[in-house]
file entry-v7.txt (compact mmCIF, N, CA and C atoms)
# COMPACT_ATOMS: atom_id res chain seq x y z
N MET W 1 100.47 123.91 103.73
CA MET W 1 101.13 122.64 104.01
C MET W 1 100.65 121.61 103.00
N LYS W 2 101.58 120.83 102.48
CA LYS W 2 101.25 119.81 101.49
C LYS W 2 100.90 118.51 102.22
N CYS W 3 99.78 117.89 101.83
CA CYS W 3 99.33 116.64 102.44
C CYS W 3 100.32 115.52 102.12
N PRO W 4 100.73 114.72 103.12
CA PRO W 4 101.67 113.63 102.87
C PRO W 4 101.06 112.47 102.08
N ILE W 5 99.73 112.41 102.01
CA ILE W 5 99.06 111.30 101.32
C ILE W 5 98.68 111.67 99.89
N CYS W 6 97.87 112.74 99.73
CA CYS W 6 97.38 113.08 98.39
C CYS W 6 98.12 114.26 97.76
N HIS W 7 99.02 114.88 98.51
CA HIS W 7 99.85 115.99 98.04
C HIS W 7 99.06 117.25 97.70
N ALA W 8 97.85 117.37 98.25
CA ALA W 8 97.06 118.58 98.03
C ALA W 8 97.64 119.72 98.87
N ASP W 9 97.56 120.93 98.33
CA ASP W 9 98.00 122.10 99.09
C ASP W 9 96.90 122.50 100.06
N ASN W 10 97.28 122.76 101.32
CA ASN W 10 96.36 123.16 102.37
C ASN W 10 96.92 124.38 103.08
N PRO W 11 96.04 125.25 103.60
CA PRO W 11 96.53 126.39 104.39
C PRO W 11 97.27 125.88 105.63
N ASP W 12 98.27 126.63 106.07
CA ASP W 12 99.09 126.21 107.21
C ASP W 12 98.29 126.08 108.51
N ASP W 13 97.16 126.77 108.63
CA ASP W 13 96.40 126.71 109.88
C ASP W 13 95.44 125.52 109.95
N LYS W 14 95.33 124.72 108.90
CA LYS W 14 94.43 123.57 108.89
C LYS W 14 95.07 122.36 109.56
N LYS W 15 94.24 121.55 110.23
CA LYS W 15 94.73 120.37 110.93
C LYS W 15 94.51 119.09 110.12
N PHE W 16 93.58 119.14 109.16
CA PHE W 16 93.28 117.98 108.34
C PHE W 16 93.22 118.41 106.87
N CYS W 17 93.62 117.50 105.99
CA CYS W 17 93.63 117.78 104.57
C CYS W 17 92.22 118.04 104.06
N ARG W 18 92.09 119.08 103.26
CA ARG W 18 90.78 119.43 102.71
C ARG W 18 90.35 118.48 101.61
N LYS W 19 91.29 117.71 101.04
CA LYS W 19 90.96 116.81 99.94
C LYS W 19 90.71 115.38 100.41
N CYS W 20 91.60 114.84 101.28
CA CYS W 20 91.46 113.42 101.66
C CYS W 20 91.18 113.21 103.15
N GLY W 21 91.28 114.26 103.97
CA GLY W 21 90.97 114.13 105.39
C GLY W 21 92.12 113.65 106.26
N GLU W 22 93.31 113.44 105.68
CA GLU W 22 94.48 113.00 106.44
C GLU W 22 94.90 114.07 107.44
N LYS W 23 95.35 113.65 108.62
CA LYS W 23 95.81 114.60 109.64
C LYS W 23 97.08 115.29 109.14
N LEU W 24 97.09 116.61 109.26
CA LEU W 24 98.22 117.42 108.82
C LEU W 24 98.99 117.91 110.03
N SER W 25 99.76 117.04 110.63
CA SER W 25 100.54 117.49 111.77
C SER W 25 102.01 117.22 111.50
N LEU W 26 102.83 118.12 112.00
CA LEU W 26 104.27 117.94 111.91
C LEU W 26 104.73 117.40 113.25
N THR W 27 105.68 116.50 113.23
CA THR W 27 106.20 115.96 114.48
C THR W 27 107.71 116.12 114.53
N CYS W 28 108.21 116.29 115.74
CA CYS W 28 109.64 116.39 115.97
C CYS W 28 110.26 115.01 115.76
N VAL W 29 111.36 114.95 115.00
CA VAL W 29 112.01 113.66 114.75
C VAL W 29 112.71 113.12 115.97
N LYS W 30 113.01 113.97 116.94
CA LYS W 30 113.72 113.52 118.14
C LYS W 30 112.77 112.99 119.20
N CYS W 31 111.72 113.78 119.53
CA CYS W 31 110.85 113.38 120.65
C CYS W 31 109.45 112.98 120.22
N GLY W 32 109.07 113.25 118.96
CA GLY W 32 107.77 112.84 118.46
C GLY W 32 106.63 113.78 118.80
N SER W 33 106.89 114.90 119.45
CA SER W 33 105.80 115.81 119.81
C SER W 33 105.37 116.63 118.60
N ASP W 34 104.11 117.07 118.62
CA ASP W 34 103.58 117.88 117.52
C ASP W 34 104.22 119.26 117.54
N VAL W 35 104.51 119.77 116.37
CA VAL W 35 105.05 121.13 116.22
C VAL W 35 104.21 121.87 115.19
N LEU W 36 104.26 123.17 115.23
CA LEU W 36 103.48 124.00 114.32
C LEU W 36 104.28 124.32 113.07
N PRO W 37 103.59 124.49 111.93
CA PRO W 37 104.29 124.90 110.72
C PRO W 37 105.00 126.23 110.97
N GLY W 38 106.21 126.35 110.51
CA GLY W 38 106.97 127.58 110.71
C GLY W 38 107.86 127.57 111.93
N ASP W 39 107.67 126.60 112.85
CA ASP W 39 108.54 126.51 114.02
C ASP W 39 109.95 126.12 113.58
N ALA W 40 110.94 126.76 114.14
CA ALA W 40 112.33 126.44 113.82
C ALA W 40 112.89 125.39 114.78
N PHE W 41 112.33 125.34 116.01
CA PHE W 41 112.79 124.41 117.02
C PHE W 41 111.59 123.78 117.72
N CYS W 42 111.75 122.54 118.19
CA CYS W 42 110.71 121.85 118.94
C CYS W 42 110.53 122.54 120.29
N GLY W 43 109.29 122.78 120.67
CA GLY W 43 109.01 123.43 121.95
C GLY W 43 109.19 122.52 123.14
N ASP W 44 109.28 121.19 122.93
CA ASP W 44 109.44 120.26 124.03
C ASP W 44 110.89 119.86 124.28
N CYS W 45 111.65 119.60 123.20
CA CYS W 45 113.02 119.11 123.41
C CYS W 45 114.09 120.03 122.84
N GLY W 46 113.70 121.07 122.09
CA GLY W 46 114.67 122.00 121.54
C GLY W 46 115.35 121.55 120.26
N GLN W 47 114.92 120.42 119.70
CA GLN W 47 115.51 119.91 118.45
C GLN W 47 115.28 120.90 117.32
N LYS W 48 116.32 121.18 116.51
CA LYS W 48 116.17 122.04 115.34
C LYS W 48 115.30 121.30 114.33
N LEU W 49 114.29 121.97 113.83
CA LEU W 49 113.35 121.36 112.90
C LEU W 49 113.76 121.66 111.47
N GLN W 50 113.52 120.70 110.59
CA GLN W 50 113.84 120.85 109.17
C GLN W 50 112.68 121.51 108.46
N SER W 51 112.97 122.27 107.45
CA SER W 51 111.92 122.79 106.58
C SER W 51 111.46 121.65 105.69
N ALA W 52 110.33 121.83 105.01
CA ALA W 52 109.82 120.78 104.12
C ALA W 52 110.82 120.48 103.02
N GLN W 53 111.51 121.53 102.54
CA GLN W 53 112.49 121.31 101.47
C GLN W 53 113.69 120.52 101.99
N GLU W 54 114.16 120.83 103.21
CA GLU W 54 115.27 120.08 103.79
C GLU W 54 114.87 118.63 104.03
N ALA W 55 113.64 118.42 104.50
CA ALA W 55 113.18 117.06 104.77
C ALA W 55 113.09 116.25 103.48
N ALA W 56 112.66 116.90 102.38
CA ALA W 56 112.54 116.19 101.12
C ALA W 56 113.90 115.73 100.59
N SER W 57 114.94 116.50 100.91
CA SER W 57 116.27 116.11 100.45
C SER W 57 117.06 115.45 101.58
N GLY W 58 116.32 114.76 102.48
CA GLY W 58 116.93 114.17 103.66
C GLY W 58 117.90 113.04 103.35
N ASP W 59 118.56 112.58 104.38
CA ASP W 59 119.55 111.51 104.27
C ASP W 59 118.83 110.17 104.40
N TYR W 60 118.55 109.52 103.29
CA TYR W 60 117.83 108.25 103.32
C TYR W 60 118.75 107.07 103.61
N GLN W 61 120.05 107.34 103.77
CA GLN W 61 120.97 106.29 104.19
C GLN W 61 120.87 106.08 105.70
N ASN W 62 120.29 107.02 106.41
CA ASN W 62 120.17 106.96 107.86
C ASN W 62 118.69 106.87 108.23
N PRO W 63 118.15 105.67 108.46
CA PRO W 63 116.72 105.51 108.74
C PRO W 63 116.21 106.31 109.93
N SER W 64 117.07 106.57 110.91
CA SER W 64 116.60 107.33 112.08
C SER W 64 116.26 108.77 111.71
N ALA W 65 116.73 109.25 110.55
CA ALA W 65 116.45 110.61 110.12
C ALA W 65 115.00 110.78 109.67
N TYR W 66 114.33 109.69 109.29
CA TYR W 66 112.96 109.81 108.79
C TYR W 66 111.97 108.83 109.42
N THR W 67 112.42 108.00 110.37
CA THR W 67 111.54 107.04 111.02
C THR W 67 110.91 107.67 112.26
N PRO W 68 109.58 107.58 112.41
CA PRO W 68 108.93 108.14 113.59
C PRO W 68 109.46 107.51 114.88
N VAL W 69 109.56 108.33 115.92
CA VAL W 69 110.14 107.89 117.19
C VAL W 69 109.37 106.70 117.78
N ASP W 70 108.04 106.72 117.72
CA ASP W 70 107.26 105.62 118.29
C ASP W 70 107.52 104.30 117.56
N LEU W 71 107.76 104.37 116.26
CA LEU W 71 108.07 103.15 115.50
C LEU W 71 109.46 102.63 115.86
N VAL W 72 110.42 103.53 116.02
CA VAL W 72 111.77 103.12 116.43
C VAL W 72 111.71 102.41 117.78
N GLN W 73 110.96 102.99 118.73
CA GLN W 73 110.84 102.39 120.06
C GLN W 73 110.18 101.02 119.99
N LYS W 74 109.16 100.88 119.14
CA LYS W 74 108.49 99.59 118.99
C LYS W 74 109.43 98.54 118.42
N ILE W 75 110.23 98.93 117.42
CA ILE W 75 111.17 97.99 116.82
C ILE W 75 112.24 97.59 117.81
N LEU W 76 112.79 98.58 118.52
CA LEU W 76 113.87 98.28 119.47
C LEU W 76 113.38 97.48 120.66
N SER W 77 112.15 97.71 121.12
CA SER W 77 111.65 96.97 122.28
C SER W 77 111.36 95.51 121.94
N GLY W 78 111.04 95.23 120.67
CA GLY W 78 110.77 93.85 120.26
C GLY W 78 111.91 93.24 119.50
N ARG W 79 113.10 93.76 119.69
CA ARG W 79 114.27 93.34 118.91
C ARG W 79 114.54 91.84 119.00
N LYS W 80 114.31 91.24 120.17
CA LYS W 80 114.61 89.81 120.34
C LYS W 80 113.65 88.93 119.54
N HIS W 81 112.44 89.41 119.37
CA HIS W 81 111.47 88.59 118.64
C HIS W 81 110.62 89.46 117.72
N ILE W 82 111.26 89.99 116.70
CA ILE W 82 110.51 90.76 115.71
C ILE W 82 109.61 89.78 114.98
N GLU W 83 108.33 90.09 115.05
CA GLU W 83 107.34 89.17 114.49
C GLU W 83 106.88 89.62 113.12
N GLY W 84 106.62 88.66 112.32
CA GLY W 84 106.06 88.93 111.00
C GLY W 84 104.61 88.51 110.99
N GLU W 85 104.06 88.51 109.83
CA GLU W 85 102.67 88.12 109.69
C GLU W 85 102.53 87.34 108.40
N ARG W 86 101.96 86.15 108.49
CA ARG W 86 101.79 85.33 107.31
C ARG W 86 100.43 85.65 106.69
N LYS W 87 100.48 85.98 105.40
CA LYS W 87 99.25 86.32 104.69
C LYS W 87 99.24 85.65 103.33
N LEU W 88 98.07 85.32 102.88
CA LEU W 88 97.89 84.82 101.53
C LEU W 88 97.60 86.03 100.65
N VAL W 89 98.42 86.24 99.65
CA VAL W 89 98.24 87.40 98.78
C VAL W 89 98.22 86.96 97.32
N THR W 90 97.66 87.80 96.51
CA THR W 90 97.69 87.60 95.07
C THR W 90 98.51 88.74 94.48
N VAL W 91 99.46 88.39 93.63
CA VAL W 91 100.31 89.39 93.01
C VAL W 91 100.03 89.37 91.51
N PHE W 92 99.82 90.54 90.95
CA PHE W 92 99.52 90.67 89.53
C PHE W 92 100.60 91.54 88.89
N PHE W 93 101.30 91.01 87.94
CA PHE W 93 102.31 91.77 87.20
C PHE W 93 101.72 92.08 85.82
N ALA W 94 101.87 93.32 85.41
CA ALA W 94 101.35 93.71 84.10
C ALA W 94 102.39 94.55 83.38
N ASP W 95 102.43 94.40 82.09
CA ASP W 95 103.30 95.21 81.25
C ASP W 95 102.42 96.16 80.47
N VAL W 96 102.62 97.44 80.65
CA VAL W 96 101.82 98.44 79.96
C VAL W 96 102.56 98.86 78.70
N ALA W 97 101.95 98.66 77.58
CA ALA W 97 102.59 98.97 76.29
C ALA W 97 102.92 100.45 76.20
N GLY W 98 104.17 100.75 75.89
CA GLY W 98 104.60 102.12 75.70
C GLY W 98 104.79 102.92 76.98
N PHE W 99 104.77 102.26 78.13
CA PHE W 99 104.85 102.98 79.39
C PHE W 99 106.18 103.72 79.56
N THR W 100 107.29 103.08 79.22
CA THR W 100 108.59 103.71 79.43
C THR W 100 108.71 105.01 78.65
N SER W 101 108.38 104.98 77.38
CA SER W 101 108.49 106.21 76.57
C SER W 101 107.49 107.26 77.04
N MET W 102 106.29 106.82 77.47
CA MET W 102 105.30 107.77 77.97
C MET W 102 105.78 108.42 79.27
N SER W 103 106.39 107.64 80.16
CA SER W 103 106.82 108.18 81.45
C SER W 103 108.04 109.09 81.30
N GLU W 104 108.81 108.89 80.25
CA GLU W 104 109.96 109.76 80.00
C GLU W 104 109.53 111.15 79.54
N LYS W 105 108.38 111.23 78.90
CA LYS W 105 107.92 112.49 78.31
C LYS W 105 106.97 113.27 79.20
N ASN W 106 106.42 112.65 80.24
CA ASN W 106 105.39 113.30 81.05
C ASN W 106 105.82 113.44 82.51
N ASP W 107 105.13 114.30 83.21
CA ASP W 107 105.33 114.53 84.63
C ASP W 107 104.87 113.30 85.42
N PRO W 108 105.57 112.91 86.48
CA PRO W 108 105.17 111.72 87.25
C PRO W 108 103.73 111.77 87.77
N GLU W 109 103.26 112.95 88.17
CA GLU W 109 101.88 113.05 88.66
C GLU W 109 100.87 112.82 87.53
N ASP W 110 101.21 113.28 86.31
CA ASP W 110 100.34 113.02 85.16
C ASP W 110 100.30 111.53 84.84
N ILE W 111 101.44 110.88 84.92
CA ILE W 111 101.50 109.42 84.68
C ILE W 111 100.63 108.69 85.70
N ARG W 112 100.74 109.09 86.97
CA ARG W 112 99.92 108.44 88.00
C ARG W 112 98.43 108.61 87.70
N ASN W 113 98.04 109.82 87.30
CA ASN W 113 96.62 110.06 86.98
C ASN W 113 96.17 109.20 85.80
N ILE W 114 97.04 109.07 84.80
CA ILE W 114 96.71 108.22 83.64
C ILE W 114 96.55 106.77 84.09
N MET W 115 97.48 106.28 84.90
CA MET W 115 97.44 104.88 85.34
C MET W 115 96.26 104.62 86.29
N ASP W 116 95.92 105.61 87.11
CA ASP W 116 94.78 105.44 88.02
C ASP W 116 93.47 105.33 87.24
N GLY W 117 93.44 105.98 86.07
CA GLY W 117 92.23 105.94 85.25
C GLY W 117 91.97 104.55 84.72
call {"tool": "encode", "arguments": {"input": "entry-v7.txt", "output": "structure tokens"}}
result
Amino acid sequence: MKCPICHADNPDDKKFCRKCGEKLSLTCVKCGSDVLPGDAFCGDCGQKLQSAQEAASGDYQNPSAYTPVDLVQKILSGRKHIEGERKLVTVFFADVAGFTSMSEKNDPEDIRNIMDG
């Protein structure tokens, strides 16, 4: 199973990422219950589960296809008064010389590693 945070490969029987410690659980998009890797259907509600490849090519025009059930319920329950949060932030914009040509020639993960350095 690939970690959703650091993208490290982990054995399917592991519950936490071996590289960053993130929880490696799959959840049903319909009911939110945990499912095991390789399950074709949710054991609680019977929802057909997507493979990782199907999920990656999901329909991003439909937010309910990828939004966790608990978050949807939280948004819908507070619909009358969706609250924001006022914060003081600092924003830094930088132009990296030659970035466009470099990113065209290299793999996105390599670019990220270069920029993180």
call {"tool": "residues_around", "arguments": {"input": "entry-v7.txt", "residues": "Lys23 in chain W", "least_positions_apart": "3", "cutoff": "8 Å", "atoms": "only N, CA and C atoms", "output": "list in words"}}
result
Cys3, Pro4, Lys14, Lys15, Phe16, Cys17, Cys20 and Leu26 of chain W
call {"tool": "select_by_dssp", "arguments": {"input": "entry-v7.txt", "residues": "chain W", "states": "strand (DSSP E)", "output": "list in words"}}
result
Leu26, Thr27, Asp34 and Val35 of chain W
call {"tool": "select_by_dssp", "arguments": {"input": "entry-v7.txt", "residues": "chain W", "states": "alpha helix (DSSP H)", "output": "MDAnalysis selection string"}}
result
chainID W and resid 52:56 69:77 99:105 108:116
call {"tool": "atom_distance", "arguments": {"input": "entry-v7.txt", "atom1": "atom C of Thr67 in chain W", "atom2": "atom C of Asp34 in chain W"}}
result
14.4 Å
call {"tool": "residues_near_point", "arguments": {"input": "entry-v7.txt", "point": "(110.2, 121.5, 124.1)", "cutoff": "12 Å", "atoms": "only C-alpha atoms", "output": "PyMOL selection string"}}
result
chain W and resi 27-28+30-35+39-49
call {"tool": "write_last_selection", "arguments": {"input": "entry-v7.txt", "atoms": "N, CA and C atoms", "output": "compact mmCIF listing (two decimals), keeping the file's coordinate frame"}}
result
# COMPACT_ATOMS: atom_id res chain seq x y z
N THR W 27 105.68 116.50 113.23
CA THR W 27 106.20 115.96 114.48
C THR W 27 107.71 116.12 114.53
N CYS W 28 108.21 116.29 115.74
CA CYS W 28 109.64 116.39 115.97
C CYS W 28 110.26 115.01 115.76
N LYS W 30 113.01 113.97 116.94
CA LYS W 30 113.72 113.52 118.14
C LYS W 30 112.77 112.99 119.20
N CYS W 31 111.72 113.78 119.53
CA CYS W 31 110.85 113.38 120.65
C CYS W 31 109.45 112.98 120.22
N GLY W 32 109.07 113.25 118.96
CA GLY W 32 107.77 112.84 118.46
C GLY W 32 106.63 113.78 118.80
N SER W 33 106.89 114.90 119.45
CA SER W 33 105.80 115.81 119.81
C SER W 33 105.37 116.63 118.60
N ASP W 34 104.11 117.07 118.62
CA ASP W 34 103.58 117.88 117.52
C ASP W 34 104.22 119.26 117.54
N VAL W 35 104.51 119.77 116.37
CA VAL W 35 105.05 121.13 116.22
C VAL W 35 104.21 121.87 115.19
N ASP W 39 107.67 126.60 112.85
CA ASP W 39 108.54 126.51 114.02
C ASP W 39 109.95 126.12 113.58
N ALA W 40 110.94 126.76 114.14
CA ALA W 40 112.33 126.44 113.82
C ALA W 40 112.89 125.39 114.78
N PHE W 41 112.33 125.34 116.01
CA PHE W 41 112.79 124.41 117.02
C PHE W 41 111.59 123.78 117.72
N CYS W 42 111.75 122.54 118.19
CA CYS W 42 110.71 121.85 118.94
C CYS W 42 110.53 122.54 120.29
N GLY W 43 109.29 122.78 120.67
CA GLY W 43 109.01 123.43 121.95
C GLY W 43 109.19 122.52 123.14
N ASP W 44 109.28 121.19 122.93
CA ASP W 44 109.44 120.26 124.03
C ASP W 44 110.89 119.86 124.28
N CYS W 45 111.65 119.60 123.20
CA CYS W 45 113.02 119.11 123.41
C CYS W 45 114.09 120.03 122.84
N GLY W 46 113.70 121.07 122.09
CA GLY W 46 114.67 122.00 121.54
C GLY W 46 115.35 121.55 120.26
N GLN W 47 114.92 120.42 119.70
CA GLN W 47 115.51 119.91 118.45
C GLN W 47 115.28 120.90 117.32
N LYS W 48 116.32 121.18 116.51
CA LYS W 48 116.17 122.04 115.34
C LYS W 48 115.30 121.30 114.33
N LEU W 49 114.29 121.97 113.83
CA LEU W 49 113.35 121.36 112.90
C LEU W 49 113.76 121.66 111.47
call {"tool": "residues_around", "arguments": {"input": "entry-v7.txt", "residues": "range 9-13 of chain W", "least_positions_apart": "5", "cutoff": "9 Å", "atoms": "only C-alpha atoms", "output": "list in words"}}
result
Met1, Lys2, Cys3, Arg18, Lys19, Leu24, Leu36, Pro37 and Gly38 of chain W
call {"tool": "closest_residue", "arguments": {"input": "entry-v7.txt", "among": "W:Ala94, W:Val69, W:Cys6, W:Met102", "to": "Glu22 in chain W", "atoms": "only N, CA and C atoms"}}
result
W:Cys6
call {"tool": "build_atoms", "arguments": {"input": "entry-v7.txt", "residues": "range 1-19 of chain W", "atoms": "N, CA, C and O atoms", "output": "short mmCIF file (atom, residue, chain, number, x, y, z; two decimals), keeping the file's coordinate frame"}}
result
data_model
loop_
_atom_site.label_atom_id
_atom_site.label_comp_id
_atom_site.auth_asym_id
_atom_site.auth_seq_id
_atom_site.Cartn_x
_atom_site.Cartn_y
_atom_site.Cartn_z
N MET W 1 100.47 123.91 103.73
CA MET W 1 101.13 122.64 104.01
C MET W 1 100.65 121.61 103.00
O MET W 1 99.47 121.53 102.72
N LYS W 2 101.58 120.83 102.48
CA LYS W 2 101.25 119.81 101.49
C LYS W 2 100.90 118.51 102.22
O LYS W 2 101.59 118.07 103.12
N CYS W 3 99.78 117.89 101.83
CA CYS W 3 99.33 116.64 102.44
C CYS W 3 100.32 115.52 102.12
O CYS W 3 100.70 115.34 100.96
N PRO W 4 100.73 114.72 103.12
CA PRO W 4 101.67 113.63 102.87
C PRO W 4 101.06 112.47 102.08
O PRO W 4 101.77 111.66 101.51
N ILE W 5 99.73 112.41 102.01
CA ILE W 5 99.06 111.30 101.32
C ILE W 5 98.68 111.67 99.89
O ILE W 5 99.11 111.05 98.93
N CYS W 6 97.87 112.74 99.73
CA CYS W 6 97.38 113.08 98.39
C CYS W 6 98.12 114.26 97.76
O CYS W 6 97.85 114.61 96.63
N HIS W 7 99.02 114.88 98.51
CA HIS W 7 99.85 115.99 98.04
C HIS W 7 99.06 117.25 97.70
O HIS W 7 99.54 118.10 96.96
N ALA W 8 97.85 117.37 98.25
CA ALA W 8 97.06 118.58 98.03
C ALA W 8 97.64 119.72 98.87
O ALA W 8 98.13 119.49 99.98
N ASP W 9 97.56 120.93 98.33
CA ASP W 9 98.00 122.10 99.09
C ASP W 9 96.90 122.50 100.06
O ASP W 9 95.72 122.56 99.70
N ASN W 10 97.28 122.76 101.32
CA ASN W 10 96.36 123.16 102.37
C ASN W 10 96.92 124.38 103.08
O ASN W 10 98.14 124.52 103.19
N PRO W 11 96.04 125.25 103.60
CA PRO W 11 96.53 126.39 104.39
C PRO W 11 97.27 125.88 105.63
O PRO W 11 96.95 124.82 106.17
N ASP W 12 98.27 126.63 106.07
CA ASP W 12 99.09 126.21 107.21
C ASP W 12 98.29 126.08 108.51
O ASP W 12 98.69 125.35 109.41
N ASP W 13 97.16 126.77 108.63
CA ASP W 13 96.40 126.71 109.88
C ASP W 13 95.44 125.52 109.95
O ASP W 13 94.80 125.30 110.97
N LYS W 14 95.33 124.72 108.90
CA LYS W 14 94.43 123.57 108.89
C LYS W 14 95.07 122.36 109.56
O LYS W 14 96.27 122.16 109.48
N LYS W 15 94.24 121.55 110.23
CA LYS W 15 94.73 120.37 110.93
C LYS W 15 94.51 119.09 110.12
O LYS W 15 95.15 118.08 110.37
N PHE W 16 93.58 119.14 109.16
CA PHE W 16 93.28 117.98 108.34
C PHE W 16 93.22 118.41 106.87
O PHE W 16 92.82 119.53 106.56
N CYS W 17 93.62 117.50 105.99
CA CYS W 17 93.63 117.78 104.57
C CYS W 17 92.22 118.04 104.06
O CYS W 17 91.30 117.29 104.37
N ARG W 18 92.09 119.08 103.26
CA ARG W 18 90.78 119.43 102.71
C ARG W 18 90.35 118.48 101.61
O ARG W 18 89.18 118.40 101.28
N LYS W 19 91.29 117.71 101.04
CA LYS W 19 90.96 116.81 99.94
C LYS W 19 90.71 115.38 100.41
O LYS W 19 89.74 114.75 100.01
#
